[in-house]
Amino acid sequence: MDKHAGRDAGTVRLDDPWYDALAVGWGEGEETSPPTPAPGGRPAPGASDIYLEVQRSAAFQEVRSRYRRFVVPATAGFFLWYVAYVVAATAAPGLMARPVAGAVNVAMLAGLGQFLSTFLLTWAYARHARLRRDRAALDLRWTVFEQERGQERSRARGSGR
């Protein structure tokens, strides 16, 4: 995508790598009609009602709980490990300068340990998500998808399409 000046300078071109054809136009120029009444006389639930219902569900709360049970302790532990490294580097330079093997000292090992712990934490997070949350989150996603699809079908039947 080349820069160009002129009248069309702000338009998005289709060869733009950041162009998302599915998201373009969402909410732009759409006329929103009031929800069509359901057979019982109540208005049909909107998409926001579906999402609120899912958010209140026990399955969603369980997914969020599993997420928090991993992320909060992992974040606290990693933050404490990082702060301990910084405090030790500033408060105990003699300890950090102590040689371990040749030119490798305690500070160098602790710094490499920071990188290693980052990779291990990333691996542990991905594993936890895959084993404990992904299936339940996918089930929730399909529930929302089916409810939205049913809603679209009822709107299509109501409008005579």
# chains A, B, ... in the order shown; residues from 1 in each chain; ligands from 1
call {"tool": "select_by_dssp", "arguments": {"residues": "stretch 73-136 of chain A", "states": "alpha helix (DSSP H)", "output": "CSV table (one decimal) with all heavy atoms, in the first residue's frame"}}
result
chain,number,residue,atom,x,y,z
A,73,PRO,N,-2.8,-15.4,40.7
A,73,PRO,CA,-1.6,-15.9,41.4
A,73,PRO,C,-0.4,-15.8,40.4
A,73,PRO,O,0.7,-15.5,40.9
A,73,PRO,CB,-1.9,-17.3,41.8
A,73,PRO,CG,-3.3,-17.5,41.6
A,73,PRO,CD,-3.8,-16.5,40.7
A,74,ALA,N,-0.6,-16.2,39.2
A,74,ALA,CA,0.6,-16.1,38.2
A,74,ALA,C,1.1,-14.7,38.1
A,74,ALA,O,2.3,-14.5,38.1
A,74,ALA,CB,0.2,-16.7,36.9
A,75,THR,N,0.2,-13.7,38.0
A,75,THR,CA,0.7,-12.4,37.8
A,75,THR,C,1.4,-11.9,39.1
A,75,THR,O,2.4,-11.2,39.0
A,75,THR,CB,-0.5,-11.5,37.5
A,75,THR,OG1,-1.2,-11.9,36.3
A,75,THR,CG2,-0.1,-10.0,37.4
A,76,ALA,N,0.8,-12.2,40.2
A,76,ALA,CA,1.4,-11.8,41.5
A,76,ALA,C,2.8,-12.4,41.7
A,76,ALA,O,3.7,-11.8,42.1
A,76,ALA,CB,0.5,-12.2,42.7
A,77,GLY,N,2.9,-13.7,41.4
A,77,GLY,CA,4.1,-14.4,41.5
A,77,GLY,C,5.2,-13.8,40.6
A,77,GLY,O,6.3,-13.6,41.0
A,78,PHE,N,4.8,-13.6,39.4
A,78,PHE,CA,5.8,-13.1,38.4
A,78,PHE,C,6.2,-11.6,38.8
A,78,PHE,O,7.4,-11.3,38.7
A,78,PHE,CB,5.2,-13.1,37.0
A,78,PHE,CG,6.3,-12.7,36.0
A,78,PHE,CD1,7.2,-13.5,35.5
A,78,PHE,CD2,6.3,-11.4,35.5
A,78,PHE,CE1,8.2,-13.2,34.6
A,78,PHE,CE2,7.2,-11.0,34.5
A,78,PHE,CZ,8.2,-11.9,34.1
A,79,PHE,N,5.3,-10.8,39.3
A,79,PHE,CA,5.6,-9.5,39.7
A,79,PHE,C,6.5,-9.5,40.9
A,79,PHE,O,7.5,-8.7,40.9
A,79,PHE,CB,4.3,-8.7,40.0
A,79,PHE,CG,4.5,-7.3,40.4
A,79,PHE,CD1,4.9,-6.4,39.4
A,79,PHE,CD2,4.4,-6.9,41.7
A,79,PHE,CE1,5.1,-5.0,39.8
A,79,PHE,CE2,4.6,-5.6,42.1
A,79,PHE,CZ,5.0,-4.6,41.1
A,80,LEU,N,6.3,-10.4,41.9
A,80,LEU,CA,7.1,-10.5,43.0
A,80,LEU,C,8.5,-10.9,42.6
A,80,LEU,O,9.5,-10.4,43.1
A,80,LEU,CB,6.6,-11.4,44.1
A,80,LEU,CG,5.3,-10.9,44.8
A,80,LEU,CD1,4.8,-12.0,45.7
A,80,LEU,CD2,5.7,-9.7,45.6
A,81,TRP,N,8.6,-11.8,41.7
A,81,TRP,CA,9.9,-12.3,41.2
A,81,TRP,C,10.7,-11.2,40.5
A,81,TRP,O,11.9,-11.0,40.7
A,81,TRP,CB,9.7,-13.5,40.3
A,81,TRP,CG,10.7,-13.9,39.3
A,81,TRP,CD1,10.5,-14.1,38.0
A,81,TRP,CD2,12.1,-14.2,39.5
A,81,TRP,NE1,11.7,-14.5,37.4
A,81,TRP,CE2,12.7,-14.5,38.3
A,81,TRP,CE3,12.9,-14.1,40.7
A,81,TRP,CZ2,14.1,-14.8,38.2
A,81,TRP,CZ3,14.3,-14.5,40.5
A,81,TRP,CH2,14.8,-14.8,39.3
A,82,TYR,N,10.0,-10.4,39.7
A,82,TYR,CA,10.6,-9.3,39.0
A,82,TYR,C,11.1,-8.2,40.0
A,82,TYR,O,12.2,-7.7,40.0
A,82,TYR,CB,9.6,-8.6,38.0
A,82,TYR,CG,10.2,-7.4,37.4
A,82,TYR,CD1,11.2,-7.5,36.4
A,82,TYR,CD2,9.7,-6.1,37.8
A,82,TYR,CE1,11.7,-6.3,35.9
A,82,TYR,CE2,10.2,-5.0,37.2
A,82,TYR,CZ,11.2,-5.1,36.3
A,82,TYR,OH,11.8,-4.0,35.7
A,83,VAL,N,10.2,-7.9,41.0
A,83,VAL,CA,10.6,-6.9,42.0
A,83,VAL,C,11.8,-7.4,42.8
A,83,VAL,O,12.7,-6.6,43.2
A,83,VAL,CB,9.4,-6.5,42.9
A,83,VAL,CG1,9.8,-5.7,44.1
A,83,VAL,CG2,8.3,-5.7,42.1
A,84,ALA,N,11.8,-8.6,43.2
A,84,ALA,CA,12.9,-9.2,44.0
A,84,ALA,C,14.2,-9.1,43.2
A,84,ALA,O,15.3,-8.7,43.7
A,84,ALA,CB,12.6,-10.6,44.3
A,85,TYR,N,14.1,-9.3,41.9
A,85,TYR,CA,15.3,-9.1,41.0
A,85,TYR,C,15.8,-7.7,41.0
A,85,TYR,O,17.0,-7.4,41.2
A,85,TYR,CB,15.0,-9.6,39.6
A,85,TYR,CG,16.1,-9.3,38.6
A,85,TYR,CD1,17.3,-10.1,38.6
A,85,TYR,CD2,15.9,-8.4,37.6
A,85,TYR,CE1,18.2,-9.8,37.6
A,85,TYR,CE2,16.9,-8.1,36.7
A,85,TYR,CZ,18.0,-8.8,36.7
A,85,TYR,OH,19.0,-8.6,35.8
A,86,VAL,N,14.9,-6.8,40.8
A,86,VAL,CA,15.3,-5.3,40.8
A,86,VAL,C,15.8,-4.9,42.1
A,86,VAL,O,16.9,-4.2,42.2
A,86,VAL,CB,14.1,-4.5,40.3
A,86,VAL,CG1,14.4,-3.0,40.5
A,86,VAL,CG2,13.7,-4.8,38.9
A,87,VAL,N,15.2,-5.3,43.2
A,87,VAL,CA,15.6,-4.9,44.6
A,87,VAL,C,17.0,-5.5,44.9
A,87,VAL,O,17.9,-4.8,45.4
A,87,VAL,CB,14.6,-5.3,45.6
A,87,VAL,CG1,15.1,-5.2,47.0
A,87,VAL,CG2,13.3,-4.4,45.5
A,88,ALA,N,17.2,-6.7,44.5
A,88,ALA,CA,18.5,-7.4,44.8
A,88,ALA,C,19.6,-6.7,43.9
A,88,ALA,O,20.7,-6.6,44.4
A,88,ALA,CB,18.4,-8.9,44.4
A,89,ALA,N,19.2,-6.3,42.7
A,89,ALA,CA,20.2,-5.7,41.9
A,89,ALA,C,20.7,-4.3,42.4
A,89,ALA,O,21.8,-3.9,42.3
A,89,ALA,CB,19.7,-5.5,40.5
A,90,THR,N,19.7,-3.6,43.1
A,90,THR,CA,20.1,-2.3,43.6
A,90,THR,C,20.5,-2.3,45.0
A,90,THR,O,21.4,-1.6,45.4
A,90,THR,CB,18.9,-1.3,43.5
A,90,THR,OG1,17.8,-1.9,44.2
A,90,THR,CG2,18.5,-1.1,42.0
A,91,ALA,N,20.0,-3.2,45.9
A,91,ALA,CA,20.3,-3.3,47.3
A,91,ALA,C,21.5,-4.2,47.6
A,91,ALA,O,22.1,-4.0,48.7
A,91,ALA,CB,19.1,-3.7,48.1
A,93,PRO,N,24.4,-5.3,45.5
A,93,PRO,CA,25.3,-5.4,44.3
A,93,PRO,C,26.4,-6.4,44.5
A,93,PRO,O,26.8,-7.1,43.6
A,93,PRO,CB,25.8,-4.0,44.1
A,93,PRO,CG,25.6,-3.3,45.4
A,93,PRO,CD,24.5,-4.0,46.1
A,94,GLY,N,26.8,-6.6,45.8
A,94,GLY,CA,27.9,-7.6,46.1
A,94,GLY,C,27.4,-9.0,45.8
A,94,GLY,O,28.1,-9.8,45.2
A,95,LEU,N,26.2,-9.3,46.2
A,95,LEU,CA,25.6,-10.6,46.0
A,95,LEU,C,25.4,-10.9,44.5
A,95,LEU,O,25.7,-11.9,44.0
A,95,LEU,CB,24.3,-10.8,46.7
A,95,LEU,CG,23.4,-12.0,46.3
A,95,LEU,CD1,24.1,-13.2,46.9
A,95,LEU,CD2,22.0,-11.8,46.8
A,96,MET,N,24.9,-9.9,43.8
A,96,MET,CA,24.6,-10.0,42.4
A,96,MET,C,25.9,-10.1,41.5
A,96,MET,O,25.9,-10.7,40.5
A,96,MET,CB,23.8,-8.8,41.9
A,96,MET,CG,22.4,-8.7,42.5
A,96,MET,SD,21.4,-10.2,42.3
A,96,MET,CE,20.6,-9.7,40.8
A,106,VAL,N,25.7,-14.0,39.5
A,106,VAL,CA,24.4,-14.2,39.9
A,106,VAL,C,23.4,-13.3,39.2
A,106,VAL,O,22.3,-13.8,38.9
A,106,VAL,CB,24.3,-14.0,41.5
A,106,VAL,CG1,22.9,-14.0,42.0
A,106,VAL,CG2,25.2,-15.0,42.2
A,107,ALA,N,23.8,-12.1,39.0
A,107,ALA,CA,22.9,-11.1,38.3
A,107,ALA,C,22.5,-11.6,36.9
A,107,ALA,O,21.4,-11.5,36.4
A,107,ALA,CB,23.5,-9.7,38.2
A,108,MET,N,23.5,-12.2,36.2
A,108,MET,CA,23.3,-12.6,34.8
A,108,MET,C,22.4,-13.8,34.8
A,108,MET,O,21.4,-13.9,34.0
A,108,MET,CB,24.6,-13.0,34.2
A,108,MET,CG,24.6,-13.2,32.7
A,108,MET,SD,26.2,-13.5,31.9
A,108,MET,CE,26.9,-11.9,32.2
A,109,LEU,N,22.6,-14.7,35.8
A,109,LEU,CA,21.7,-15.9,35.9
A,109,LEU,C,20.2,-15.5,36.3
A,109,LEU,O,19.3,-16.0,35.7
A,109,LEU,CB,22.2,-16.9,36.9
A,109,LEU,CG,23.4,-17.7,36.5
A,109,LEU,CD1,23.9,-18.6,37.7
A,109,LEU,CD2,23.2,-18.5,35.3
A,110,ALA,N,20.1,-14.5,37.2
A,110,ALA,CA,18.8,-14.0,37.5
A,110,ALA,C,18.1,-13.3,36.4
A,110,ALA,O,16.9,-13.5,36.1
A,110,ALA,CB,18.9,-13.1,38.7
A,111,GLY,N,18.9,-12.6,35.6
A,111,GLY,CA,18.3,-11.9,34.4
A,111,GLY,C,17.9,-12.9,33.4
A,111,GLY,O,16.8,-12.8,32.8
A,112,LEU,N,18.7,-14.0,33.1
A,112,LEU,CA,18.2,-15.0,32.2
A,112,LEU,C,17.0,-15.8,32.8
A,112,LEU,O,16.2,-16.2,32.0
A,112,LEU,CB,19.4,-16.0,31.9
A,112,LEU,CG,20.5,-15.4,31.1
A,112,LEU,CD1,21.7,-16.3,31.0
A,112,LEU,CD2,20.1,-15.0,29.7
A,113,GLY,N,17.0,-15.9,34.1
A,113,GLY,CA,15.8,-16.5,34.8
A,113,GLY,C,14.6,-15.7,34.5
A,113,GLY,O,13.5,-16.3,34.5
A,114,GLN,N,14.7,-14.4,34.4
A,114,GLN,CA,13.5,-13.6,34.1
A,114,GLN,C,12.9,-14.0,32.7
A,114,GLN,O,11.7,-14.2,32.5
A,114,GLN,CB,13.9,-12.1,34.1
A,114,GLN,CG,14.2,-11.5,35.4
A,114,GLN,CD,12.9,-11.3,36.2
A,114,GLN,OE1,11.9,-10.9,35.7
A,114,GLN,NE2,13.0,-11.7,37.5
A,115,PHE,N,13.8,-14.2,31.7
A,115,PHE,CA,13.4,-14.6,30.4
A,115,PHE,C,12.8,-16.0,30.4
A,115,PHE,O,11.7,-16.3,29.9
A,115,PHE,CB,14.5,-14.6,29.4
A,115,PHE,CG,14.9,-13.2,28.9
A,115,PHE,CD1,16.1,-12.6,29.4
A,115,PHE,CD2,14.1,-12.5,28.1
A,115,PHE,CE1,16.4,-11.3,29.0
A,115,PHE,CE2,14.4,-11.2,27.6
A,115,PHE,CZ,15.6,-10.6,28.1
A,116,LEU,N,13.5,-16.9,31.1
A,116,LEU,CA,13.0,-18.3,31.2
A,116,LEU,C,11.6,-18.3,31.9
A,116,LEU,O,10.7,-19.0,31.4
A,116,LEU,CB,14.0,-19.1,32.0
A,116,LEU,CG,13.6,-20.6,32.2
A,116,LEU,CD1,13.5,-21.3,30.8
A,116,LEU,CD2,14.6,-21.3,33.1
A,117,SER,N,11.5,-17.6,33.0
A,117,SER,CA,10.2,-17.6,33.7
A,117,SER,C,9.1,-17.0,32.8
A,117,SER,O,7.9,-17.4,32.9
A,117,SER,CB,10.3,-16.9,35.0
A,117,SER,OG,10.6,-15.5,34.8
A,118,THR,N,9.4,-16.0,32.0
A,118,THR,CA,8.4,-15.5,31.1
A,118,THR,C,7.9,-16.5,30.1
A,118,THR,O,6.7,-16.7,29.9
A,118,THR,CB,9.0,-14.3,30.3
A,118,THR,OG1,9.4,-13.3,31.2
A,118,THR,CG2,8.0,-13.7,29.3
A,119,PHE,N,8.8,-17.3,29.5
A,119,PHE,CA,8.5,-18.3,28.6
A,119,PHE,C,7.7,-19.5,29.3
A,119,PHE,O,6.7,-20.0,28.7
A,119,PHE,CB,9.7,-18.9,27.8
A,119,PHE,CG,10.3,-17.9,26.9
A,119,PHE,CD1,11.6,-17.5,27.0
A,119,PHE,CD2,9.6,-17.4,25.8
A,119,PHE,CE1,12.2,-16.6,26.2
A,119,PHE,CE2,10.1,-16.4,25.0
A,119,PHE,CZ,11.4,-16.0,25.1
A,120,LEU,N,8.1,-19.8,30.5
A,120,LEU,CA,7.4,-20.9,31.2
A,120,LEU,C,6.0,-20.4,31.6
A,120,LEU,O,5.1,-21.2,31.5
A,120,LEU,CB,8.2,-21.3,32.5
A,120,LEU,CG,9.5,-22.1,32.2
A,120,LEU,CD1,10.2,-22.3,33.5
A,120,LEU,CD2,9.1,-23.4,31.6
A,121,LEU,N,5.9,-19.2,32.0
A,121,LEU,CA,4.5,-18.7,32.3
A,121,LEU,C,3.6,-18.6,31.1
A,121,LEU,O,2.4,-18.9,31.2
A,121,LEU,CB,4.7,-17.3,33.0
A,121,LEU,CG,3.4,-16.7,33.6
A,121,LEU,CD1,2.9,-17.7,34.7
A,121,LEU,CD2,3.7,-15.4,34.2
A,122,THR,N,4.2,-18.2,30.0
A,122,THR,CA,3.4,-18.2,28.7
A,122,THR,C,2.9,-19.6,28.4
A,122,THR,O,1.8,-19.9,28.0
A,122,THR,CB,4.2,-17.6,27.6
A,122,THR,OG1,4.6,-16.3,27.9
A,122,THR,CG2,3.4,-17.6,26.3
A,123,TRP,N,3.8,-20.6,28.5
A,123,TRP,CA,3.5,-22.0,28.2
A,123,TRP,C,2.4,-22.5,29.2
A,123,TRP,O,1.5,-23.1,28.8
A,123,TRP,CB,4.7,-22.9,28.3
A,123,TRP,CG,4.4,-24.3,28.3
A,123,TRP,CD1,4.2,-25.1,27.2
A,123,TRP,CD2,4.3,-25.2,29.4
A,123,TRP,NE1,3.9,-26.4,27.6
A,123,TRP,CE2,4.0,-26.5,28.9
A,123,TRP,CE3,4.4,-25.0,30.8
A,123,TRP,CZ2,3.8,-27.5,29.8
A,123,TRP,CZ3,4.2,-26.1,31.6
A,123,TRP,CH2,3.9,-27.3,31.1
A,124,ALA,N,2.6,-22.2,30.5
A,124,ALA,CA,1.6,-22.6,31.5
A,124,ALA,C,0.2,-22.0,31.2
A,124,ALA,O,-0.8,-22.7,31.4
A,124,ALA,CB,2.1,-22.3,32.9
A,125,TYR,N,0.2,-20.7,30.8
A,125,TYR,CA,-1.0,-20.1,30.5
A,125,TYR,C,-1.7,-20.7,29.3
A,125,TYR,O,-2.9,-21.0,29.4
A,125,TYR,CB,-0.8,-18.6,30.3
A,125,TYR,CG,-2.1,-17.9,29.9
A,125,TYR,CD1,-3.0,-17.5,30.9
A,125,TYR,CD2,-2.4,-17.7,28.6
A,125,TYR,CE1,-4.2,-16.8,30.5
A,125,TYR,CE2,-3.6,-17.0,28.2
A,125,TYR,CZ,-4.5,-16.6,29.2
A,125,TYR,OH,-5.7,-16.0,28.8
A,126,ALA,N,-1.0,-21.0,28.3
A,126,ALA,CA,-1.6,-21.6,27.1
A,126,ALA,C,-2.1,-23.0,27.4
A,126,ALA,O,-3.2,-23.4,27.0
A,126,ALA,CB,-0.6,-21.6,26.0
A,127,ARG,N,-1.3,-23.7,28.2
A,127,ARG,CA,-1.8,-25.1,28.6
A,127,ARG,C,-3.0,-25.0,29.4
A,127,ARG,O,-4.0,-25.8,29.2
A,127,ARG,CB,-0.6,-25.8,29.3
A,127,ARG,CG,-0.9,-27.2,29.7
A,127,ARG,CD,0.3,-27.8,30.4
A,127,ARG,NE,0.1,-29.2,30.6
A,127,ARG,CZ,-0.5,-29.7,31.8
A,127,ARG,NH1,-0.9,-28.8,32.7
A,127,ARG,NH2,-0.7,-31.0,31.9
A,128,HIS,N,-3.0,-24.1,30.4
A,128,HIS,CA,-4.2,-24.0,31.3
A,128,HIS,C,-5.4,-23.6,30.5
A,128,HIS,O,-6.5,-24.1,30.7
A,128,HIS,CB,-3.9,-22.9,32.4
A,128,HIS,CG,-5.1,-22.7,33.3
A,128,HIS,ND1,-6.0,-21.8,33.1
A,128,HIS,CD2,-5.4,-23.3,34.4
A,128,HIS,CE1,-6.9,-21.8,34.0
A,128,HIS,NE2,-6.5,-22.7,34.9
A,134,ASP,N,-10.8,-23.5,27.2
A,134,ASP,CA,-11.2,-23.4,25.8
A,134,ASP,C,-12.5,-24.1,25.4
A,134,ASP,O,-13.3,-23.6,24.7
A,134,ASP,CB,-10.0,-23.9,24.9
A,134,ASP,CG,-8.9,-22.9,24.9
A,134,ASP,OD1,-9.1,-21.8,25.4
A,134,ASP,OD2,-7.9,-23.2,24.3
A,135,ARG,N,-12.6,-25.4,25.9
A,135,ARG,CA,-13.8,-26.1,25.6
A,135,ARG,C,-15.1,-25.5,26.1
A,135,ARG,O,-16.1,-25.3,25.4
A,135,ARG,CB,-13.7,-27.5,26.0
A,135,ARG,CG,-14.9,-28.4,25.5
A,135,ARG,CD,-14.6,-29.9,25.8
A,135,ARG,NE,-13.3,-30.3,25.3
A,135,ARG,CZ,-13.1,-30.8,24.1
A,135,ARG,NH1,-14.1,-31.1,23.3
A,135,ARG,NH2,-11.9,-31.2,23.7
A,136,ALA,N,-15.1,-25.0,27.3
A,136,ALA,CA,-16.2,-24.4,27.9
A,136,ALA,C,-16.5,-23.0,27.2
A,136,ALA,O,-17.7,-22.7,27.0
A,136,ALA,CB,-16.0,-24.1,29.4
call {"tool": "closest_atom_pairs", "arguments": {"of": "stretch 93-153 of chain A", "to": "stretch 44-65 of chain A", "cutoff": "10 Å", "atoms": "only C-alpha atoms", "output": "JSON lines"}}
result
{"residue": "A:Ala129", "atom": "CA", "partner": "A:Val63", "partner_atom": "CA", "distance": 9.7}
{"residue": "A:Arg132", "atom": "CA", "partner": "A:Val63", "partner_atom": "CA", "distance": 8.2}
{"residue": "A:Arg133", "atom": "CA", "partner": "A:Val63", "partner_atom": "CA", "distance": 5.8}
{"residue": "A:Asp134", "atom": "CA", "partner": "A:Val63", "partner_atom": "CA", "distance": 8.6}
{"residue": "A:Arg135", "atom": "CA", "partner": "A:Val63", "partner_atom": "CA", "distance": 9.6}
{"residue": "A:Ala136", "atom": "CA", "partner": "A:Val63", "partner_atom": "CA", "distance": 6.7}
{"residue": "A:Ala137", "atom": "CA", "partner": "A:Val63", "partner_atom": "CA", "distance": 6.8}
{"residue": "A:Asp139", "atom": "CA", "partner": "A:Ala59", "partner_atom": "CA", "distance": 9.0}
{"residue": "A:Leu140", "atom": "CA", "partner": "A:Phe60", "partner_atom": "CA", "distance": 7.1}
{"residue": "A:Arg141", "atom": "CA", "partner": "A:Val54", "partner_atom": "CA", "distance": 9.3}
{"residue": "A:Thr143", "atom": "CA", "partner": "A:Val54", "partner_atom": "CA", "distance": 8.3}
{"residue": "A:Val144", "atom": "CA", "partner": "A:Ile50", "partner_atom": "CA", "distance": 6.8}
{"residue": "A:Phe145", "atom": "CA", "partner": "A:Ile50", "partner_atom": "CA", "distance": 9.7}
{"residue": "A:Gln147", "atom": "CA", "partner": "A:Ile50", "partner_atom": "CA", "distance": 7.2}
{"residue": "A:Glu148", "atom": "CA", "partner": "A:Ala47", "partner_atom": "CA", "distance": 6.7}
{"residue": "A:Gln151", "atom": "CA", "partner": "A:Pro45", "partner_atom": "CA", "distance": 7.7}
{"residue": "A:Glu152", "atom": "CA", "partner": "A:Gly46", "partner_atom": "CA", "distance": 10.0}
call {"tool": "select_by_dssp", "arguments": {"residues": "stretch 44-110 of chain A", "states": "strand (DSSP E or B)", "output": "JSON list (two decimals) with C-alpha atoms, in the first residue's frame"}}
result
[["chain", "number", "residue", "atom", "x", "y", "z"],
["A", 99, "PRO", "CA", 30.78, -15.12, 40.10],
["A", 100, "VAL", "CA", 29.10, -18.46, 39.49],
["A", 101, "ALA", "CA", 31.09, -19.91, 36.60],
["A", 104, "VAL", "CA", 28.76, -15.60, 34.59],
["A", 105, "ASN", "CA", 27.57, -14.03, 37.84]]
call {"tool": "atom_distance", "arguments": {"atom1": "atom CA of A:Glu146", "atom2": "atom CA of A:Ser159"}}
result
20.0 Å
call {"tool": "decode", "arguments": {"residues": "stretch 122-145 of chain A", "atoms": "N, CA and C atoms", "output": "PDB file, in the first residue's frame"}}
result
ATOM      1  N   THR A 122       4.174 -18.243  29.964  1.00  0.00           N
ATOM      2  CA  THR A 122       3.392 -18.233  28.726  1.00  0.00           C
ATOM      3  C   THR A 122       2.937 -19.636  28.364  1.00  0.00           C
ATOM      4  N   TRP A 123       3.845 -20.598  28.473  1.00  0.00           N
ATOM      5  CA  TRP A 123       3.500 -22.006  28.196  1.00  0.00           C
ATOM      6  C   TRP A 123       2.424 -22.485  29.163  1.00  0.00           C
ATOM      7  N   ALA A 124       2.586 -22.185  30.466  1.00  0.00           N
ATOM      8  CA  ALA A 124       1.620 -22.620  31.472  1.00  0.00           C
ATOM      9  C   ALA A 124       0.249 -21.997  31.225  1.00  0.00           C
ATOM     10  N   TYR A 125       0.230 -20.721  30.824  1.00  0.00           N
ATOM     11  CA  TYR A 125      -1.044 -20.060  30.542  1.00  0.00           C
ATOM     12  C   TYR A 125      -1.742 -20.722  29.346  1.00  0.00           C
ATOM     13  N   ALA A 126      -0.992 -20.953  28.280  1.00  0.00           N
ATOM     14  CA  ALA A 126      -1.587 -21.578  27.087  1.00  0.00           C
ATOM     15  C   ALA A 126      -2.092 -22.978  27.410  1.00  0.00           C
ATOM     16  N   ARG A 127      -1.341 -23.724  28.202  1.00  0.00           N
ATOM     17  CA  ARG A 127      -1.756 -25.077  28.584  1.00  0.00           C
ATOM     18  C   ARG A 127      -3.012 -25.022  29.447  1.00  0.00           C
ATOM     19  N   HIS A 128      -3.035 -24.119  30.419  1.00  0.00           N
ATOM     20  CA  HIS A 128      -4.202 -23.973  31.286  1.00  0.00           C
ATOM     21  C   HIS A 128      -5.435 -23.592  30.474  1.00  0.00           C
ATOM     22  N   ALA A 129      -5.271 -22.659  29.545  1.00  0.00           N
ATOM     23  CA  ALA A 129      -6.405 -22.246  28.710  1.00  0.00           C
ATOM     24  C   ALA A 129      -6.912 -23.416  27.881  1.00  0.00           C
ATOM     25  N   ARG A 130      -5.987 -24.164  27.293  1.00  0.00           N
ATOM     26  CA  ARG A 130      -6.378 -25.287  26.444  1.00  0.00           C
ATOM     27  C   ARG A 130      -7.091 -26.376  27.237  1.00  0.00           C
ATOM     28  N   LEU A 131      -6.592 -26.680  28.430  1.00  0.00           N
ATOM     29  CA  LEU A 131      -7.147 -27.796  29.204  1.00  0.00           C
ATOM     30  C   LEU A 131      -8.340 -27.425  30.070  1.00  0.00           C
ATOM     31  N   ARG A 132      -8.419 -26.180  30.527  1.00  0.00           N
ATOM     32  CA  ARG A 132      -9.423 -25.826  31.520  1.00  0.00           C
ATOM     33  C   ARG A 132     -10.487 -24.838  31.051  1.00  0.00           C
ATOM     34  N   ARG A 133     -10.222 -24.087  29.964  1.00  0.00           N
ATOM     35  CA  ARG A 133     -11.184 -23.041  29.594  1.00  0.00           C
ATOM     36  C   ARG A 133     -11.669 -23.101  28.161  1.00  0.00           C
ATOM     37  N   ASP A 134     -10.850 -23.512  27.237  1.00  0.00           N
ATOM     38  CA  ASP A 134     -11.194 -23.394  25.823  1.00  0.00           C
ATOM     39  C   ASP A 134     -12.476 -24.124  25.450  1.00  0.00           C
ATOM     40  N   ARG A 135     -12.647 -25.355  25.922  1.00  0.00           N
ATOM     41  CA  ARG A 135     -13.843 -26.122  25.550  1.00  0.00           C
ATOM     42  C   ARG A 135     -15.106 -25.457  26.084  1.00  0.00           C
ATOM     43  N   ALA A 136     -15.066 -25.021  27.343  1.00  0.00           N
ATOM     44  CA  ALA A 136     -16.239 -24.358  27.927  1.00  0.00           C
ATOM     45  C   ALA A 136     -16.517 -23.031  27.224  1.00  0.00           C
ATOM     46  N   ALA A 137     -15.474 -22.285  26.886  1.00  0.00           N
ATOM     47  CA  ALA A 137     -15.662 -21.015  26.177  1.00  0.00           C
ATOM     48  C   ALA A 137     -16.224 -21.254  24.778  1.00  0.00           C
ATOM     49  N   LEU A 138     -15.773 -22.310  24.121  1.00  0.00           N
ATOM     50  CA  LEU A 138     -16.310 -22.636  22.802  1.00  0.00           C
ATOM     51  C   LEU A 138     -17.779 -23.024  22.892  1.00  0.00           C
ATOM     52  N   ASP A 139     -18.149 -23.772  23.927  1.00  0.00           N
ATOM     53  CA  ASP A 139     -19.563 -24.110  24.122  1.00  0.00           C
ATOM     54  C   ASP A 139     -20.401 -22.851  24.320  1.00  0.00           C
ATOM     55  N   LEU A 140     -19.875 -21.907  25.085  1.00  0.00           N
ATOM     56  CA  LEU A 140     -20.594 -20.633  25.267  1.00  0.00           C
ATOM     57  C   LEU A 140     -20.718 -19.883  23.947  1.00  0.00           C
ATOM     58  N   ARG A 141     -19.652 -19.919  23.179  1.00  0.00           N
ATOM     59  CA  ARG A 141     -19.668 -19.229  21.882  1.00  0.00           C
ATOM     60  C   ARG A 141     -20.739 -19.816  20.977  1.00  0.00           C
ATOM     61  N   TRP A 142     -20.835 -21.159  20.943  1.00  0.00           N
ATOM     62  CA  TRP A 142     -21.849 -21.795  20.105  1.00  0.00           C
ATOM     63  C   TRP A 142     -23.253 -21.491  20.621  1.00  0.00           C
ATOM     64  N   THR A 143     -23.408 -21.390  21.938  1.00  0.00           N
ATOM     65  CA  THR A 143     -24.708 -21.048  22.505  1.00  0.00           C
ATOM     66  C   THR A 143     -25.149 -19.675  22.018  1.00  0.00           C
ATOM     67  N   VAL A 144     -24.231 -18.711  22.100  1.00  0.00           N
ATOM     68  CA  VAL A 144     -24.544 -17.356  21.635  1.00  0.00           C
ATOM     69  C   VAL A 144     -24.834 -17.367  20.137  1.00  0.00           C
ATOM     70  N   PHE A 145     -24.028 -18.084  19.375  1.00  0.00           N
ATOM     71  CA  PHE A 145     -24.222 -18.149  17.927  1.00  0.00           C
ATOM     72  C   PHE A 145     -25.598 -18.712  17.594  1.00  0.00           C
TER      73      PHE A 145
END
